[in-house]
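Reproduced below: coords-v2.txt, with compact mmCIF, C-alpha atoms.
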# COMPACT_ATOMS: atom_id res chain seq x y z
CA MET X 22 -1.81 0.24 -42.76
CA LYS X 23 1.60 1.19 -41.47
CA ILE X 24 1.67 2.69 -37.99
CA VAL X 25 4.95 4.07 -36.69
CA ILE X 26 5.66 5.01 -33.08
CA ILE X 27 8.52 7.48 -33.04
CA ASN X 28 11.33 6.00 -30.97
CA TYR X 29 13.66 8.70 -29.65
CA GLY X 30 14.36 7.28 -26.21
CA ALA X 31 11.57 8.98 -24.27
CA GLY X 32 8.31 7.38 -23.39
CA ASN X 33 6.38 4.37 -22.27
CA ILE X 34 6.34 2.95 -25.76
CA GLN X 35 5.44 -0.60 -24.78
CA SER X 36 1.98 0.40 -23.49
CA ILE X 37 1.11 2.24 -26.70
CA LYS X 38 2.29 -0.68 -28.80
CA PHE X 39 0.14 -3.08 -26.77
CA ALA X 40 -2.93 -0.82 -26.96
CA ILE X 41 -2.64 -0.68 -30.75
CA LYS X 42 -2.30 -4.45 -30.84
CA ARG X 43 -5.45 -4.85 -28.72
CA LEU X 44 -7.25 -2.83 -31.40
CA GLY X 45 -6.09 -5.33 -34.01
CA PHE X 46 -3.31 -3.27 -35.60
CA ASP X 47 0.44 -3.54 -35.54
CA ALA X 48 2.83 -0.71 -34.88
CA VAL X 49 6.55 -0.50 -35.44
CA LEU X 50 9.01 1.56 -33.45
CA SER X 51 11.24 3.71 -35.58
CA SER X 52 13.71 6.56 -35.48
CA ASP X 53 14.28 6.37 -39.22
CA ALA X 54 13.18 9.55 -41.02
CA GLU X 55 12.17 7.75 -44.23
CA GLU X 56 10.17 5.10 -42.41
CA ILE X 57 8.36 7.78 -40.40
CA LYS X 58 7.62 9.86 -43.51
CA ASN X 59 6.17 6.83 -45.30
CA ALA X 60 3.91 5.70 -42.47
CA ASP X 61 0.12 6.03 -42.69
CA LYS X 62 -0.15 7.09 -39.04
CA VAL X 63 2.53 8.44 -36.73
CA ILE X 64 2.44 8.40 -32.94
CA PHE X 65 4.76 10.69 -31.01
CA PRO X 66 4.98 9.52 -27.40
CA GLY X 67 6.77 11.09 -24.49
CA VAL X 68 7.16 10.67 -20.77
CA GLY X 69 9.59 12.37 -18.43
CA GLU X 70 11.18 15.80 -18.46
CA ALA X 71 10.69 18.19 -21.40
CA SER X 72 14.20 19.56 -21.94
CA SER X 73 15.92 16.16 -21.84
CA ALA X 74 13.26 14.65 -24.12
CA MET X 75 13.72 17.58 -26.54
CA LYS X 76 17.47 17.05 -26.42
CA MET X 77 16.98 13.41 -27.43
CA LEU X 78 14.69 14.54 -30.24
CA LEU X 79 17.28 17.07 -31.47
CA ASN X 80 20.02 14.41 -31.33
CA SER X 81 17.88 12.10 -33.46
CA GLY X 82 17.39 14.86 -36.03
CA LEU X 83 13.66 14.15 -36.00
CA ASP X 84 12.80 17.66 -34.75
CA SER X 85 12.95 18.92 -38.33
CA ILE X 86 11.04 15.95 -39.78
CA ILE X 87 7.97 15.87 -37.48
CA PRO X 88 6.56 19.33 -38.39
CA THR X 89 6.74 18.45 -42.13
CA LEU X 90 4.67 15.26 -41.85
CA LYS X 91 1.46 15.15 -43.93
CA GLN X 92 -0.27 12.06 -42.50
CA PRO X 93 -2.20 12.06 -39.17
CA VAL X 94 0.24 12.51 -36.26
CA LEU X 95 -0.76 11.97 -32.63
CA GLY X 96 1.39 13.36 -29.82
CA ILE X 97 0.69 11.86 -26.40
CA CYS X 98 1.37 13.56 -23.05
CA LEU X 99 4.90 15.01 -23.24
CA GLY X 100 4.78 14.33 -26.98
CA MET X 101 1.86 16.78 -27.25
CA GLN X 102 3.71 19.31 -25.08
CA LEU X 103 6.82 19.14 -27.28
CA MET X 104 4.62 19.90 -30.31
CA CYS X 105 3.79 23.28 -28.72
CA ASN X 106 5.81 26.51 -29.04
CA SER X 107 7.61 26.06 -25.74
CA SER X 108 7.46 24.50 -22.29
CA GLU X 109 8.22 26.17 -19.00
CA GLU X 110 9.73 22.84 -17.93
CA GLY X 111 13.49 23.23 -18.40
CA ASN X 112 12.85 26.35 -20.56
CA THR X 113 12.37 24.17 -23.56
CA THR X 114 11.80 25.35 -27.11
CA GLY X 115 9.23 23.08 -28.74
CA LEU X 116 8.44 22.11 -32.32
CA GLY X 117 6.02 25.02 -32.74
CA ILE X 118 3.23 23.01 -34.36
CA PHE X 119 0.62 24.11 -31.82
CA ASP X 120 0.64 27.85 -31.17
CA VAL X 121 0.58 27.70 -27.37
CA ASP X 122 3.12 27.78 -24.52
CA VAL X 123 3.09 24.99 -21.93
CA ILE X 124 3.21 26.19 -18.32
CA LYS X 125 3.20 24.69 -14.82
CA PHE X 126 0.12 24.21 -12.62
CA ASP X 127 0.21 26.60 -9.67
CA THR X 128 0.25 25.35 -6.07
CA SER X 129 -3.50 25.78 -5.55
CA VAL X 130 -3.78 22.19 -6.82
CA LYS X 131 -1.70 19.09 -6.10
CA VAL X 132 1.11 18.68 -8.61
CA PRO X 133 1.46 16.38 -10.49
CA GLN X 134 -2.17 15.83 -11.35
CA ILE X 135 -2.48 12.04 -11.30
CA GLY X 136 -5.60 10.10 -12.14
CA TRP X 137 -8.87 10.19 -14.02
CA ASN X 138 -10.37 13.51 -15.02
CA GLN X 139 -13.13 14.38 -17.48
CA ILE X 140 -12.94 15.74 -21.02
CA SER X 141 -15.52 18.22 -22.30
CA LYS X 142 -16.26 20.59 -25.19
CA LEU X 143 -15.11 17.90 -27.61
CA LYS X 144 -14.56 19.32 -31.07
CA SER X 145 -12.76 16.88 -33.32
CA ASN X 146 -13.28 13.65 -35.28
CA LEU X 147 -10.73 12.26 -32.82
CA PHE X 148 -13.65 12.12 -30.37
CA GLY X 149 -16.17 10.48 -32.71
CA SER X 150 -18.78 8.57 -30.61
CA ILE X 151 -17.14 9.74 -27.35
CA ALA X 152 -19.64 11.36 -24.95
CA GLU X 153 -18.96 14.61 -23.09
CA ASN X 154 -17.46 14.23 -19.59
CA GLU X 155 -15.99 10.78 -20.06
CA HIS X 156 -13.02 10.03 -17.81
CA ILE X 157 -9.50 9.73 -19.19
CA TYR X 158 -6.19 9.07 -17.41
CA LEU X 159 -3.63 11.84 -16.99
CA VAL X 160 -0.38 12.34 -15.15
CA HIS X 161 1.31 15.71 -15.60
CA SER X 162 2.63 18.84 -13.89
CA PHE X 163 2.62 21.17 -16.91
CA TYR X 164 -0.31 22.01 -19.18
CA ALA X 165 -1.26 23.80 -22.38
CA PRO X 166 -3.69 26.66 -21.67
CA LEU X 167 -6.88 26.96 -23.74
CA CYS X 168 -6.22 28.28 -27.24
CA SER X 169 -7.77 28.31 -30.71
CA GLU X 170 -6.40 24.80 -31.32
CA THR X 171 -8.02 23.29 -28.22
CA ILE X 172 -10.31 20.37 -29.16
CA ALA X 173 -11.06 19.09 -25.62
CA GLU X 174 -11.00 20.73 -22.22
CA CYS X 175 -10.15 19.44 -18.80
CA SER X 176 -10.61 21.17 -15.46
CA TYR X 177 -7.99 21.15 -12.70
CA GLY X 178 -8.02 24.39 -10.76
CA LEU X 179 -8.69 25.98 -14.15
CA ASN X 180 -9.77 24.85 -17.59
CA TYR X 181 -6.94 23.84 -19.92
CA SER X 182 -6.33 21.90 -23.14
CA ALA X 183 -6.84 18.15 -22.76
CA ALA X 184 -6.26 17.85 -26.51
CA LEU X 185 -5.10 20.01 -29.42
CA GLN X 186 -5.45 19.81 -33.18
CA LYS X 187 -3.99 21.68 -36.09
CA GLY X 188 -4.70 20.11 -39.50
CA ASN X 189 -3.22 16.61 -39.49
CA PHE X 190 -1.53 17.12 -36.11
CA TYR X 191 -3.31 15.90 -32.98
CA GLY X 192 -2.14 15.94 -29.39
CA THR X 193 -3.63 14.55 -26.19
CA GLN X 194 -2.44 15.48 -22.72
CA PHE X 195 -4.06 12.29 -21.48
CA HIS X 196 -2.90 8.75 -22.15
CA PRO X 197 -5.43 7.06 -24.48
CA GLU X 198 -3.47 3.81 -24.10
CA LYS X 199 -4.18 3.86 -20.34
CA SER X 200 -7.68 5.31 -20.39
CA SER X 201 -9.65 2.07 -20.48
CA ASP X 202 -12.28 1.57 -23.20
CA VAL X 203 -12.75 5.32 -23.76
CA GLY X 204 -9.04 5.73 -24.49
CA GLU X 205 -8.99 2.76 -26.83
CA LYS X 206 -11.92 4.22 -28.78
CA ILE X 207 -10.06 7.52 -29.17
CA LEU X 208 -6.96 5.67 -30.33
CA GLU X 209 -9.09 3.67 -32.75
CA ASN X 210 -10.63 6.89 -34.10
CA PHE X 211 -7.14 8.17 -34.79
CA LEU X 212 -5.98 4.96 -36.46
CA LYS X 213 -9.07 4.91 -38.70
CA MET X 214 -8.69 8.49 -39.95
CA MET F 11 -13.27 16.99 -12.10
CA LEU F 12 -10.39 14.79 -10.95
CA ALA F 13 -11.82 11.53 -9.57
CA LYS F 14 -10.79 9.83 -6.35
CA ARG F 15 -9.09 6.56 -7.23
CA ILE F 16 -9.81 3.00 -6.05
CA ILE F 17 -6.74 0.77 -6.22
CA PRO F 18 -6.73 -2.99 -5.59
CA CYS F 19 -3.33 -4.28 -4.50
CA LEU F 20 -2.08 -7.72 -5.55
CA ASP F 21 0.69 -9.48 -3.65
CA ILE F 22 2.91 -11.42 -6.01
CA LYS F 23 5.34 -14.22 -5.29
CA ASP F 24 7.37 -15.84 -8.07
CA GLY F 25 5.04 -14.38 -10.68
CA ARG F 26 1.85 -15.68 -9.01
CA THR F 27 -0.71 -14.03 -6.75
CA VAL F 28 -0.26 -15.00 -3.14
CA LYS F 29 -3.00 -16.87 -1.28
CA GLY F 30 -5.92 -14.87 -0.11
CA VAL F 31 -7.64 -14.38 -3.43
CA ASN F 32 -11.14 -15.78 -3.56
CA PHE F 33 -12.47 -15.41 -7.05
CA VAL F 34 -14.63 -18.32 -8.07
CA ASP F 35 -14.80 -17.09 -11.65
CA LEU F 36 -11.04 -17.24 -12.14
CA ARG F 37 -9.82 -20.04 -14.34
CA ASP F 38 -6.47 -19.86 -12.59
CA ALA F 39 -6.70 -18.27 -9.15
CA GLY F 40 -2.96 -17.67 -9.07
CA ASP F 41 -2.70 -15.79 -12.35
CA PRO F 42 -2.13 -12.07 -11.70
CA VAL F 43 -2.92 -11.15 -15.30
CA GLU F 44 -6.38 -12.69 -15.22
CA LEU F 45 -7.14 -11.06 -11.88
CA ALA F 46 -5.88 -7.71 -13.18
CA GLU F 47 -8.20 -7.96 -16.18
CA ILE F 48 -11.19 -8.66 -13.93
CA TYR F 49 -10.43 -5.69 -11.67
CA SER F 50 -9.96 -3.49 -14.69
CA LYS F 51 -13.37 -4.52 -16.08
CA GLU F 52 -15.01 -3.97 -12.69
CA GLY F 53 -13.84 -0.36 -12.73
CA ALA F 54 -10.60 -0.29 -10.74
CA ASP F 55 -8.78 2.96 -11.52
CA GLU F 56 -5.31 1.59 -11.07
CA LEU F 57 -3.58 -1.57 -9.89
CA VAL F 58 -0.61 -2.11 -7.61
CA PHE F 59 1.51 -5.24 -7.82
CA LEU F 60 3.65 -5.82 -4.76
CA ASP F 61 6.33 -8.43 -5.32
CA ILE F 62 7.29 -10.26 -2.17
CA SER F 63 9.44 -12.99 -3.70
CA ALA F 64 13.08 -13.20 -2.73
CA THR F 65 14.59 -15.47 -5.36
CA GLU F 66 17.53 -14.82 -7.62
CA GLN F 67 15.25 -14.90 -10.67
CA LYS F 68 13.00 -12.32 -9.07
CA ARG F 69 13.96 -9.53 -11.41
CA LYS F 70 13.30 -11.46 -14.60
CA THR F 71 10.08 -13.05 -13.30
CA LEU F 72 8.73 -9.65 -12.33
CA ALA F 73 9.70 -8.07 -15.65
CA ASP F 74 7.90 -10.92 -17.48
CA LEU F 75 4.81 -10.39 -15.38
CA VAL F 76 4.83 -6.64 -16.04
CA TYR F 77 5.05 -7.34 -19.77
CA ARG F 78 2.08 -9.72 -19.64
CA VAL F 79 -0.02 -7.29 -17.61
CA ALA F 80 0.76 -4.37 -19.92
CA GLU F 81 -0.23 -6.51 -22.89
CA LYS F 82 -3.74 -7.11 -21.53
CA VAL F 83 -4.68 -4.27 -19.19
CA ASN F 84 -5.76 -0.81 -20.35
CA ILE F 85 -5.50 1.02 -17.01
CA PRO F 86 -2.34 2.21 -15.27
CA PHE F 87 -0.43 0.00 -12.86
CA THR F 88 2.35 0.38 -10.33
CA VAL F 89 4.96 -2.21 -9.43
CA GLY F 90 6.76 -2.37 -6.10
CA GLY F 91 8.76 -4.71 -3.92
CA GLY F 92 12.51 -4.84 -3.56
CA ILE F 93 13.25 -2.19 -6.18
CA SER F 94 16.57 -0.60 -5.31
CA SER F 95 18.30 0.81 -8.38
CA VAL F 96 17.89 2.90 -11.51
CA GLU F 97 18.47 -0.28 -13.50
CA ASP F 98 15.62 -2.12 -11.71
CA VAL F 99 13.23 0.70 -12.58
CA ASP F 100 14.41 0.94 -16.17
CA ILE F 101 13.62 -2.73 -16.82
CA LEU F 102 10.12 -2.47 -15.30
CA LEU F 103 9.19 0.72 -17.20
CA GLN F 104 10.53 -0.69 -20.46
CA ASN F 105 8.33 -3.74 -20.01
CA GLY F 106 5.25 -1.52 -19.66
CA ALA F 107 4.86 -0.55 -15.98
CA ASP F 108 3.45 2.96 -15.58
CA LYS F 109 4.87 3.66 -12.15
CA VAL F 110 7.18 2.02 -9.66
CA SER F 111 6.98 2.17 -5.93
CA ILE F 112 10.05 2.21 -3.69
CA ASN F 113 10.09 1.87 0.08
CA SER F 114 13.04 0.51 2.12
CA SER F 115 15.58 1.41 -0.56
CA ALA F 116 14.49 5.06 -0.37
CA VAL F 117 14.85 5.14 3.42
CA LYS F 118 18.29 3.55 3.21
CA ASN F 119 19.39 5.74 0.30
CA PRO F 120 17.20 8.83 -0.12
CA GLN F 121 19.33 10.02 -3.06
CA LEU F 122 17.77 7.15 -5.04
CA ILE F 123 14.55 9.21 -5.23
CA ASN F 124 16.42 12.11 -6.86
CA ASP F 125 18.23 9.77 -9.24
CA LEU F 126 15.01 8.06 -10.35
CA VAL F 127 13.16 11.36 -10.77
CA ALA F 128 16.01 12.81 -12.84
CA LYS F 129 16.03 9.81 -15.16
CA PHE F 130 12.33 8.88 -15.41
CA GLY F 131 10.37 11.92 -14.15
CA SER F 132 8.29 12.49 -11.00
CA GLN F 133 5.17 11.08 -12.59
CA CYS F 134 6.30 7.48 -12.33
CA ILE F 135 8.00 7.46 -8.93
CA VAL F 136 5.80 6.51 -5.98
CA VAL F 137 7.38 6.39 -2.53
CA ALA F 138 5.67 3.96 -0.16
CA ILE F 139 5.91 4.74 3.54
CA ASP F 140 4.95 2.26 6.27
CA ALA F 141 4.53 3.84 9.69
CA LYS F 142 3.04 3.20 13.09
CA GLN F 143 2.63 5.24 16.23
CA ILE F 144 5.11 4.84 19.06
CA ASP F 145 4.35 6.98 22.12
CA GLY F 146 2.03 9.12 20.04
CA GLU F 147 4.61 9.76 17.33
CA TRP F 148 4.31 8.33 13.81
CA ILE F 149 7.56 6.43 13.14
CA VAL F 150 8.61 5.07 9.72
CA HIS F 151 9.11 1.30 9.71
CA LEU F 152 10.81 -1.12 7.33
CA VAL F 153 10.31 -4.77 6.38
CA GLY F 154 6.53 -4.60 6.35
CA GLY F 155 6.38 -2.68 9.61
CA LYS F 156 8.67 -4.92 11.61
CA VAL F 157 11.75 -2.72 11.91
CA PRO F 158 11.46 0.83 13.27
CA THR F 159 13.72 3.54 11.85
CA GLU F 160 14.87 6.89 13.22
CA ARG F 161 12.61 8.71 10.80
CA LYS F 162 9.39 10.44 11.67
CA LEU F 163 6.53 10.13 9.16
CA PHE F 164 5.79 13.79 8.44
CA GLU F 165 9.44 14.84 8.14
CA TRP F 166 10.23 11.91 5.88
CA ALA F 167 7.15 12.54 3.74
CA LYS F 168 8.19 16.18 3.29
CA GLU F 169 11.70 15.11 2.31
CA VAL F 170 10.29 12.58 -0.17
CA GLU F 171 8.27 15.35 -1.79
CA GLU F 172 11.25 17.71 -1.91
CA ARG F 173 13.35 15.03 -3.57
CA GLY F 174 10.78 14.91 -6.34
CA ALA F 175 8.55 11.88 -5.76
CA GLY F 176 5.27 12.15 -7.66
CA GLU F 177 3.09 10.42 -5.11
CA ILE F 178 3.12 8.92 -1.60
CA LEU F 179 1.55 5.59 -0.68
CA PHE F 180 1.06 5.74 3.09
CA THR F 181 0.31 2.53 4.96
CA SER F 182 -0.57 2.77 8.62
CA MET F 183 0.69 -0.39 10.27
CA ASP F 184 -1.61 0.38 13.18
CA ASN F 185 -4.62 0.10 10.88
CA ASP F 186 -3.41 -2.53 8.41
CA GLY F 187 -5.37 -5.76 8.77
CA THR F 188 -7.77 -4.33 11.39
CA LYS F 189 -10.64 -3.57 8.97
CA ASP F 190 -11.43 -0.64 11.27
CA GLY F 191 -10.82 2.08 8.73
CA PHE F 192 -7.89 4.12 7.43
CA ALA F 193 -5.59 6.37 9.53
CA ASN F 194 -7.50 9.46 8.52
CA GLU F 195 -5.96 11.93 10.93
CA ALA F 196 -2.42 11.23 9.74
CA LEU F 197 -3.61 11.10 6.12
CA ALA F 198 -5.31 14.48 6.37
CA ARG F 199 -2.16 15.99 7.85
CA LEU F 200 -0.05 14.53 5.01
CA SER F 201 -2.50 15.83 2.45
CA THR F 202 -2.51 19.31 3.98
CA GLU F 203 1.25 19.64 4.55
CA LEU F 204 2.26 18.20 1.17
CA ASN F 205 1.31 19.16 -2.36
CA ILE F 206 1.55 15.77 -4.07
CA PRO F 207 -1.17 13.10 -4.22
CA ILE F 208 -1.51 10.78 -1.21
CA ILE F 209 -2.71 7.16 -1.50
CA ALA F 210 -4.31 5.80 1.68
CA SER F 211 -3.57 2.20 2.62
CA GLY F 212 -4.29 -0.05 5.57
CA GLY F 213 -7.55 -0.63 7.40
CA ALA F 214 -10.27 -0.87 4.75
CA GLY F 215 -13.16 -2.99 6.06
CA ASN F 216 -16.33 -1.52 4.60
CA MET F 217 -17.54 1.05 2.09
CA GLN F 218 -17.95 3.77 4.70
CA HIS F 219 -14.20 3.55 5.40
CA PHE F 220 -13.47 4.59 1.82
CA SER F 221 -15.88 7.48 2.06
CA ASP F 222 -14.26 8.56 5.33
CA THR F 223 -10.72 8.44 3.99
CA PHE F 224 -11.66 10.60 1.00
CA ILE F 225 -13.56 13.14 3.11
CA GLU F 226 -11.90 13.17 6.55
CA GLY F 227 -8.54 11.76 5.42
CA LYS F 228 -8.45 14.04 2.31
CA ALA F 229 -6.84 11.11 0.45
CA ASP F 230 -6.52 11.25 -3.34
CA ALA F 231 -6.72 7.48 -3.73
CA ALA F 232 -7.42 4.47 -1.54
CA LEU F 233 -5.71 1.12 -1.79
CA ALA F 234 -6.97 -2.18 -0.40
CA ALA F 235 -6.38 -5.88 -0.90
CA SER F 236 -8.44 -8.41 1.03
CA VAL F 237 -11.81 -6.64 0.91
CA PHE F 238 -11.59 -6.80 -2.88
CA HIS F 239 -9.95 -10.22 -3.18
CA PHE F 240 -12.59 -11.84 -0.94
CA LYS F 241 -15.39 -9.92 -2.69
CA GLU F 242 -16.50 -8.33 0.56
CA ILE F 243 -16.71 -5.12 -1.44
CA GLY F 244 -17.36 -4.92 -5.16
CA ILE F 245 -15.58 -2.07 -6.89
CA GLN F 246 -18.60 -1.01 -8.91
CA GLU F 247 -20.95 -0.92 -5.90
CA LEU F 248 -18.28 0.91 -3.88
CA LYS F 249 -18.03 3.58 -6.55
CA LEU F 250 -21.79 4.04 -6.73
CA GLU F 251 -21.88 4.40 -2.94
CA LEU F 252 -19.09 7.00 -3.04
CA GLN F 253 -20.86 8.85 -5.82
CA GLY F 254 -24.00 8.89 -3.67
CA ASN F 255 -21.93 10.51 -0.92
CA GLY F 256 -20.91 13.29 -3.29
CA ILE F 257 -17.37 12.00 -3.87
CA PRO F 258 -16.14 12.34 -7.48
CA VAL F 259 -15.42 8.89 -8.93
CA ARG F 260 -15.20 7.31 -12.37
CA VAL F 261 -18.24 5.08 -12.87

Exercise: express the given structure as structure tokens:
Amino acid sequence: MKIVIINYGAGNIQSIKFAIKRLGFDAVLSSDAEEIKNADKVIFPGVGEASSAMKMLLNSGLDSIIPTLKQPVLGICLGMQLMCNSSEEGNTTGLGIFDVDVIKFDTSVKVPQIGWNQISKLKSNLFGSIAENEHIYLVHSFYAPLCSETIAECSYGLNYSAALQKGNFYGTQFHPEKSSDVGEKILENFLKM
Amino acid sequence: MLAKRIIPCLDIKDGRTVKGVNFVDLRDAGDPVELAEIYSKEGADELVFLDISATEQKRKTLADLVYRVAEKVNIPFTVGGGISSVEDVDILLQNGADKVSINSSAVKNPQLINDLVAKFGSQCIVVAIDAKQIDGEWIVHLVGGKVPTERKLFEWAKEVEERGAGEILFTSMDNDGTKDGFANEALARLSTELNIPIIASGGAGNMQHFSDTFIEGKADAALAASVFHFKEIGIQELKLELQGNGIPVRV
């Protein structure tokens, strides 16, 4: 199985690569459109600020490739946010895969949210054998509100999308690669799709 | 619900854990990676590695350690100690660190916070503040609390937040090493005046102290070293105790 982590300059790629290795698979980093298209599984990471990450994605030309992919694609954290219509962070236009606009937490809660929160109302094969209310690790200031593509909810001042799915496209706001055994199981579920 | 975090802190010198770790089940008591794996299995929510070495190879040794930890450990970890440039941070993040913590370099050059946030994002920049009370006023100190600065804790903390830091790690030098509990009054004031997460550090001696710092001190996370290293408190039993006190934790 060929697993490609999209390398466009944004993201803690090393941790994802190591997590996949711990599961007994190998992943390659790539910014090559053909290599990405031919992969069995594609992971779209992202850490940092939305508009500068989007700029790097546009410069790589991969913004037009990602939405056309047919194999399972998993966006993580900012990667998931960039797969949405837009983000309030830096007034960024996203890839428009998920039909939702990413907005900022209001000041009734501490921002960024950092730490372990629980996922509930799990709806997808991504969460096979994962119990309700397990803890996962998140660090973010912006969030995707609940929508028809929400497959897991998280509560922080309000309920929002901890994960999204549309067809072969998956996105998690949390970091499966940093979410202990629960996160590794979710990552394994994705890799075994 | 967002859980309160328990964070063991490991002091590192030349890529090895510094004395003061008493784990009979370790094959190599000085190996930070093995210790990190044990803490992770016991339910630690995060780890902090504080590098206190001062050699010329420091940078490379620390980057190697970060790489080896990231390879094995599936929970987030922060690296601190002598980090003073964008380049330092870049190397550590590329090797797999989730967050970095800066202290003296931020006091000396506050613009560094803005520069790091602009390049890497708030989420991975922790500013550590060491302070102690002088004539009833909390004063920021450098060099592990030895050198007082002109800065007052609450003003500096506010500035750190405004410059974009994602989190503050506050160590009370008055409490550190006393095992009499955390500086909950100052912590509660930080937590109320600021809108970023606050990590409490300094003074942990028993399980009640953790409960107190989450309730009275309004801390988002609590960091400790010796009580964990000497197995005076087990992380799993601590979490069950906190849960029994109605504090949200990951068990």

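Note that atom CA of Leu103 of chain X and atom CA of Ala71 of chain X are 7.1 Å apart.
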
Show me, as a Markdown table, the residues of chain X having an atom within 8 Å of chain F, each with the closest atom pair and its distance in Å, using all atoms listed in the file.
| residue | atom | partner | partner_atom | distance |
| --- | --- | --- | --- | --- |
| X:Asn33 | CA | F:Gly106 | CA | 6.5 |
| X:Ile34 | CA | F:Gly106 | CA | 7.6 |
| X:Gln35 | CA | F:Gly106 | CA | 5.2 |
| X:Ser36 | CA | F:Gly106 | CA | 5.4 |
| X:Phe39 | CA | F:Glu81 | CA | 5.2 |
| X:Ala40 | CA | F:Asn84 | CA | 7.2 |
| X:Arg43 | CA | F:Lys82 | CA | 7.7 |
| X:Val68 | CA | F:Gly131 | CA | 7.5 |
| X:Gly69 | CA | F:Gly131 | CA | 4.4 |
| X:Glu70 | CA | F:Gly131 | CA | 5.9 |
| X:Thr128 | CA | F:Asn205 | CA | 7.3 |
| X:Val130 | CA | F:Asn205 | CA | 7.4 |
| X:Lys131 | CA | F:Asn205 | CA | 4.8 |
| X:Val132 | CA | F:Ile206 | CA | 5.4 |
| X:Pro133 | CA | F:Gly176 | CA | 6.4 |
| X:Gln134 | CA | F:Pro207 | CA | 7.7 |
| X:Ile135 | CA | F:Pro207 | CA | 7.3 |
| X:Gly136 | CA | F:Leu12 | CA | 6.8 |
| X:Trp137 | CA | F:Ala13 | CA | 5.5 |
| X:Asn138 | CA | F:Leu12 | CA | 4.3 |
| X:Gln139 | CA | F:Met11 | CA | 6.0 |
| X:His156 | CA | F:Arg260 | CA | 6.5 |
| X:Val160 | CA | F:Gln133 | CA | 6.2 |
| X:His161 | CA | F:Gln133 | CA | 6.7 |
| X:Cys175 | CA | F:Met11 | CA | 7.8 |
| X:Ser176 | CA | F:Met11 | CA | 6.0 |
| X:Tyr177 | CA | F:Met11 | CA | 6.7 |
| X:Glu198 | CA | F:Asn84 | CA | 6.4 |
| X:Lys199 | CA | F:Ile85 | CA | 4.6 |
| X:Ser200 | CA | F:Ile85 | CA | 5.9 |
| X:Ser201 | CA | F:Asn84 | CA | 4.8 |
| X:Asp202 | CA | F:Asn84 | CA | 7.5 |

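Shortest atom-to-atom contact with Glu97 of chain F among F:Leu75, F:Ile112, F:Asn185, F:Leu126: F:Leu126, counting only C-alpha atoms.
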
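Here atom CA of Asn216 of chain F stands at a distance of 19.6 Å from atom CA of Ala196 of chain F.
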
Using all atoms listed in the file, determine which residues lie at most 12 Å from Gly191 of chain F, disregarding the query and same-chain residues fewer than 2 positions distant; provide the list as a PyMOL selection string.
chain F and resi 181-189+193-195+197+210-224+226-227+232-234+237

Limited to C-alpha atoms, could you put the picked residues into a file as a short mmCIF file (atom, residue, chain, number, x, y, z; two decimals), in the coordinates of the input?
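Output file again_25.cif is given in full below:
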data_model
loop_
_atom_site.label_atom_id
_atom_site.label_comp_id
_atom_site.auth_asym_id
_atom_site.auth_seq_id
_atom_site.Cartn_x
_atom_site.Cartn_y
_atom_site.Cartn_z
CA THR F 181 0.31 2.53 4.96
CA SER F 182 -0.57 2.77 8.62
CA MET F 183 0.69 -0.39 10.27
CA ASP F 184 -1.61 0.38 13.18
CA ASN F 185 -4.62 0.10 10.88
CA ASP F 186 -3.41 -2.53 8.41
CA GLY F 187 -5.37 -5.76 8.77
CA THR F 188 -7.77 -4.33 11.39
CA LYS F 189 -10.64 -3.57 8.97
CA ALA F 193 -5.59 6.37 9.53
CA ASN F 194 -7.50 9.46 8.52
CA GLU F 195 -5.96 11.93 10.93
CA LEU F 197 -3.61 11.10 6.12
CA ALA F 210 -4.31 5.80 1.68
CA SER F 211 -3.57 2.20 2.62
CA GLY F 212 -4.29 -0.05 5.57
CA GLY F 213 -7.55 -0.63 7.40
CA ALA F 214 -10.27 -0.87 4.75
CA GLY F 215 -13.16 -2.99 6.06
CA ASN F 216 -16.33 -1.52 4.60
CA MET F 217 -17.54 1.05 2.09
CA GLN F 218 -17.95 3.77 4.70
CA HIS F 219 -14.20 3.55 5.40
CA PHE F 220 -13.47 4.59 1.82
CA SER F 221 -15.88 7.48 2.06
CA ASP F 222 -14.26 8.56 5.33
CA THR F 223 -10.72 8.44 3.99
CA PHE F 224 -11.66 10.60 1.00
CA GLU F 226 -11.90 13.17 6.55
CA GLY F 227 -8.54 11.76 5.42
CA ALA F 232 -7.42 4.47 -1.54
CA LEU F 233 -5.71 1.12 -1.79
CA ALA F 234 -6.97 -2.18 -0.40
CA VAL F 237 -11.81 -6.64 0.91
#

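Atom CA of Ser129 of chain X is positioned 22.6 Å from atom CA of Trp166 of chain F.
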
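Shortest atom-to-atom contact with Ser63 of chain F among F:Arg173, F:Lys109, F:Arg26, F:Arg199: F:Arg26, counting all atoms listed in the file.
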
Just want the 8 Å neighbourhood of segment 108-124 of chain X, counted on only C-alpha atoms, with same-chain residues fewer than 4 positions away dropped. Output as a ChimeraX atom specification.
/X:70-72,75,84,88,102-104,163-166,168,170,185-187,190

Just to be explicit: take each residue in the selection above, keep C-alpha atoms, and write the result as a short mmCIF file (atom, residue, chain, number, x, y, z; two decimals), in the frame of the given file.
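selection37.cif written:
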data_model
loop_
_atom_site.label_atom_id
_atom_site.label_comp_id
_atom_site.auth_asym_id
_atom_site.auth_seq_id
_atom_site.Cartn_x
_atom_site.Cartn_y
_atom_site.Cartn_z
CA GLU X 70 11.18 15.80 -18.46
CA ALA X 71 10.69 18.19 -21.40
CA SER X 72 14.20 19.56 -21.94
CA MET X 75 13.72 17.58 -26.54
CA ASP X 84 12.80 17.66 -34.75
CA PRO X 88 6.56 19.33 -38.39
CA GLN X 102 3.71 19.31 -25.08
CA LEU X 103 6.82 19.14 -27.28
CA MET X 104 4.62 19.90 -30.31
CA PHE X 163 2.62 21.17 -16.91
CA TYR X 164 -0.31 22.01 -19.18
CA ALA X 165 -1.26 23.80 -22.38
CA PRO X 166 -3.69 26.66 -21.67
CA CYS X 168 -6.22 28.28 -27.24
CA GLU X 170 -6.40 24.80 -31.32
CA LEU X 185 -5.10 20.01 -29.42
CA GLN X 186 -5.45 19.81 -33.18
CA LYS X 187 -3.99 21.68 -36.09
CA PHE X 190 -1.53 17.12 -36.11
#
